[in-house]
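Q: Take a look at this one; I'll ask things after.
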Amino acid sequence: MPTVHATITPNSRRGPLVEQLDDGTLKLYVRAPATEGKANRAAIELLATHFGVPKSAVRLTAGATSRHKRFEIT
């Protein structure tokens, strides 16, 4: 599977939700706060559900402290 570029919105009332933007990136809305990696874990869980793979198949490869992230899905 591909490398996924995503923008994350933590503490979102809309979430959990995945939207595909016109440029091919994903917009992730998660309810978890952006503290102690909670939003990153929620994003991994959301992507795993979205792509129908186990959580262990989704890995954050860049942007751990940024809103713009890159995930690898195997």
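Ordering of the structure tokens sets the chain letters (A, B, ...); residue numbers start at 1 within each chain; ligands are numbered from 1 in the order shown.
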Could you pull out the residues in chain A that DSSP calls alpha helix (DSSP H) from the backbone, as JSON, numbers by chain?

A: {"A": [38, 39, 40, 41, 42, 43, 44, 45, 46, 47, 48, 49, 50, 51]}

Q: Please write the residues from the selection above to a file, keeping N, CA and C atoms, as a compact mmCIF listing (two decimals), in the first residue's frame.

A:
```
# COMPACT_ATOMS: atom_id res chain seq x y z
N LYS A 38 -1.53 11.17 21.86
CA LYS A 38 -2.88 10.61 21.80
C LYS A 38 -3.52 10.82 20.42
N ALA A 39 -3.33 12.00 19.84
CA ALA A 39 -3.91 12.26 18.52
C ALA A 39 -3.24 11.40 17.46
N ASN A 40 -1.94 11.16 17.58
CA ASN A 40 -1.24 10.29 16.62
C ASN A 40 -1.77 8.87 16.70
N ARG A 41 -1.97 8.37 17.90
CA ARG A 41 -2.51 7.01 18.06
C ARG A 41 -3.93 6.92 17.50
N ALA A 42 -4.72 7.97 17.73
CA ALA A 42 -6.08 7.98 17.19
C ALA A 42 -6.06 8.04 15.67
N ALA A 43 -5.11 8.78 15.09
CA ALA A 43 -5.00 8.86 13.64
C ALA A 43 -4.61 7.51 13.05
N ILE A 44 -3.71 6.80 13.70
CA ILE A 44 -3.31 5.46 13.23
C ILE A 44 -4.51 4.52 13.27
N GLU A 45 -5.26 4.58 14.34
CA GLU A 45 -6.44 3.73 14.47
C GLU A 45 -7.48 4.07 13.39
N LEU A 46 -7.66 5.36 13.13
CA LEU A 46 -8.62 5.80 12.13
C LEU A 46 -8.20 5.36 10.72
N LEU A 47 -6.92 5.50 10.40
CA LEU A 47 -6.43 5.09 9.09
C LEU A 47 -6.53 3.57 8.91
N ALA A 48 -6.26 2.83 9.96
CA ALA A 48 -6.37 1.37 9.89
C ALA A 48 -7.81 0.97 9.58
N THR A 49 -8.75 1.60 10.21
CA THR A 49 -10.16 1.32 9.94
C THR A 49 -10.52 1.74 8.52
N HIS A 50 -10.06 2.91 8.11
CA HIS A 50 -10.37 3.44 6.78
C HIS A 50 -9.85 2.53 5.66
N PHE A 51 -8.64 2.01 5.80
CA PHE A 51 -8.04 1.17 4.77
C PHE A 51 -8.31 -0.32 4.99
```

Q: List the neighbours of A:Val30 out to 7 Å using only C-alpha atoms; skip same-chain residues closer than 6 positions along the sequence, and give me the result as a PyMOL selection string.

A: chain A and resi 9-12+15-17+39+42-43

Q: Quote the spacing between atom CA of A:Arg31 and atom CA of A:Gly63 in Å to one decimal place.

A: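 About the pair atom CA of A:Arg31 and atom CA of A:Gly63: they are 18.6 Å apart.
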
Q: Hey, which of A:Leu26, A:Ala6, A:Ala32, A:Leu60 ends up closest to A:Ile73? Count only C-alpha atoms.

A: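 Using only C-alpha atoms, the shortest distance to A:Ile73 belongs to A:Leu60.
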
Q: Mind pulling up the distance from atom CA of A:Arg13 to atom CA of A:Thr74?

A: 29.4 Å

Q: Apply DSSP to the structure's backbone, then extract all residues of chain A labelled strand (DSSP E or B) and return them as a list of chain:residue names.

A: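 These are the residues in question: A:Thr3, A:Val4, A:His5, A:Ala6, A:Thr7, A:Ile8, A:Thr9, A:Leu17, A:Val18, A:Glu19, A:Gln20, A:Leu26, A:Lys27, A:Leu28, A:Tyr29, A:Val58, A:Arg59, A:Leu60, A:Thr61, A:Ala62, A:His68, A:Lys69, A:Arg70, A:Phe71, A:Glu72, A:Ile73.
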
Q: Record the distance separating atom CA of A:His68 and atom CA of A:Leu21, expressed in Å with one decimal.

A: 13.4 Å

Q: Which of these, A:Arg14, A:Ile8, A:Pro54, A:Lys27, has the shortest distance to A:Ser66 once you count only C-alpha atoms?

A: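 Under the stated criterion, the closest residue is A:Ile8.
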
Q: Got a sec: who's within 8 Å of A:Phe71, counting only C-alpha atoms, leaving out chain neighbours fewer than 3 positions off, as a list in words?

A: Thr3, Val4, His5, Ala6, Val58, Arg59, Leu60, Thr61 and Ala62 of chain A

Q: Using N, CA, C and O atoms, can you write the selected residues to a file as a short mmCIF file (atom, residue, chain, number, x, y, z; two decimals), in the first residue's frame?

A:
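Saved result, again-v3.cif, follows:
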```cif
data_model
loop_
_atom_site.label_atom_id
_atom_site.label_comp_id
_atom_site.auth_asym_id
_atom_site.auth_seq_id
_atom_site.Cartn_x
_atom_site.Cartn_y
_atom_site.Cartn_z
N THR A 3 2.27 5.35 0.61
CA THR A 3 2.56 6.33 1.64
C THR A 3 1.42 7.33 1.60
O THR A 3 1.02 7.78 0.52
N VAL A 4 0.88 7.68 2.75
CA VAL A 4 -0.27 8.56 2.83
C VAL A 4 0.14 9.87 3.48
O VAL A 4 0.74 9.87 4.56
N HIS A 5 -0.18 10.97 2.83
CA HIS A 5 0.04 12.30 3.40
C HIS A 5 -1.28 12.75 4.01
O HIS A 5 -2.33 12.65 3.37
N ALA A 6 -1.21 13.23 5.25
CA ALA A 6 -2.44 13.59 5.95
C ALA A 6 -2.24 14.85 6.78
O ALA A 6 -1.14 15.13 7.26
N VAL A 58 -0.09 0.25 10.02
CA VAL A 58 0.00 1.69 9.80
C VAL A 58 1.12 2.24 10.66
O VAL A 58 1.15 2.02 11.88
N ARG A 59 2.06 2.95 10.02
CA ARG A 59 3.22 3.49 10.76
C ARG A 59 3.39 4.96 10.43
O ARG A 59 3.38 5.35 9.26
N LEU A 60 3.56 5.78 11.46
CA LEU A 60 3.83 7.21 11.30
C LEU A 60 5.30 7.37 10.94
O LEU A 60 6.18 6.98 11.71
N THR A 61 5.59 7.90 9.74
CA THR A 61 6.97 8.01 9.30
C THR A 61 7.52 9.43 9.38
O THR A 61 8.73 9.61 9.41
N ALA A 62 6.66 10.43 9.42
CA ALA A 62 7.13 11.82 9.51
C ALA A 62 6.03 12.69 10.08
O ALA A 62 4.84 12.44 9.86
#
```

Q: Which one is closest to A:Ala57: A:Thr7, A:Glu72, A:Pro33, A:Thr25? Count only C-alpha atoms.

A: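 Ranked by minimum distance to A:Ala57, first place goes to A:Glu72.
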
Q: May I have a table of the residues of stretch 45-73 of chain A lying at most 10 Å from stretch 34-37 of chain A, giving each one's closest pair of atoms and their distance in Å to one decimal, counting only C-alpha atoms, ordered by chain and ascending residue number, as a Markdown table?

A:
```
| residue | atom | partner | partner_atom | distance |
| --- | --- | --- | --- | --- |
| A:Ala64 | CA | A:Gly37 | CA | 8.0 |
| A:Thr65 | CA | A:Gly37 | CA | 8.5 |
| A:Ser66 | CA | A:Ala34 | CA | 9.7 |
| A:Arg67 | CA | A:Ala34 | CA | 9.4 |
```
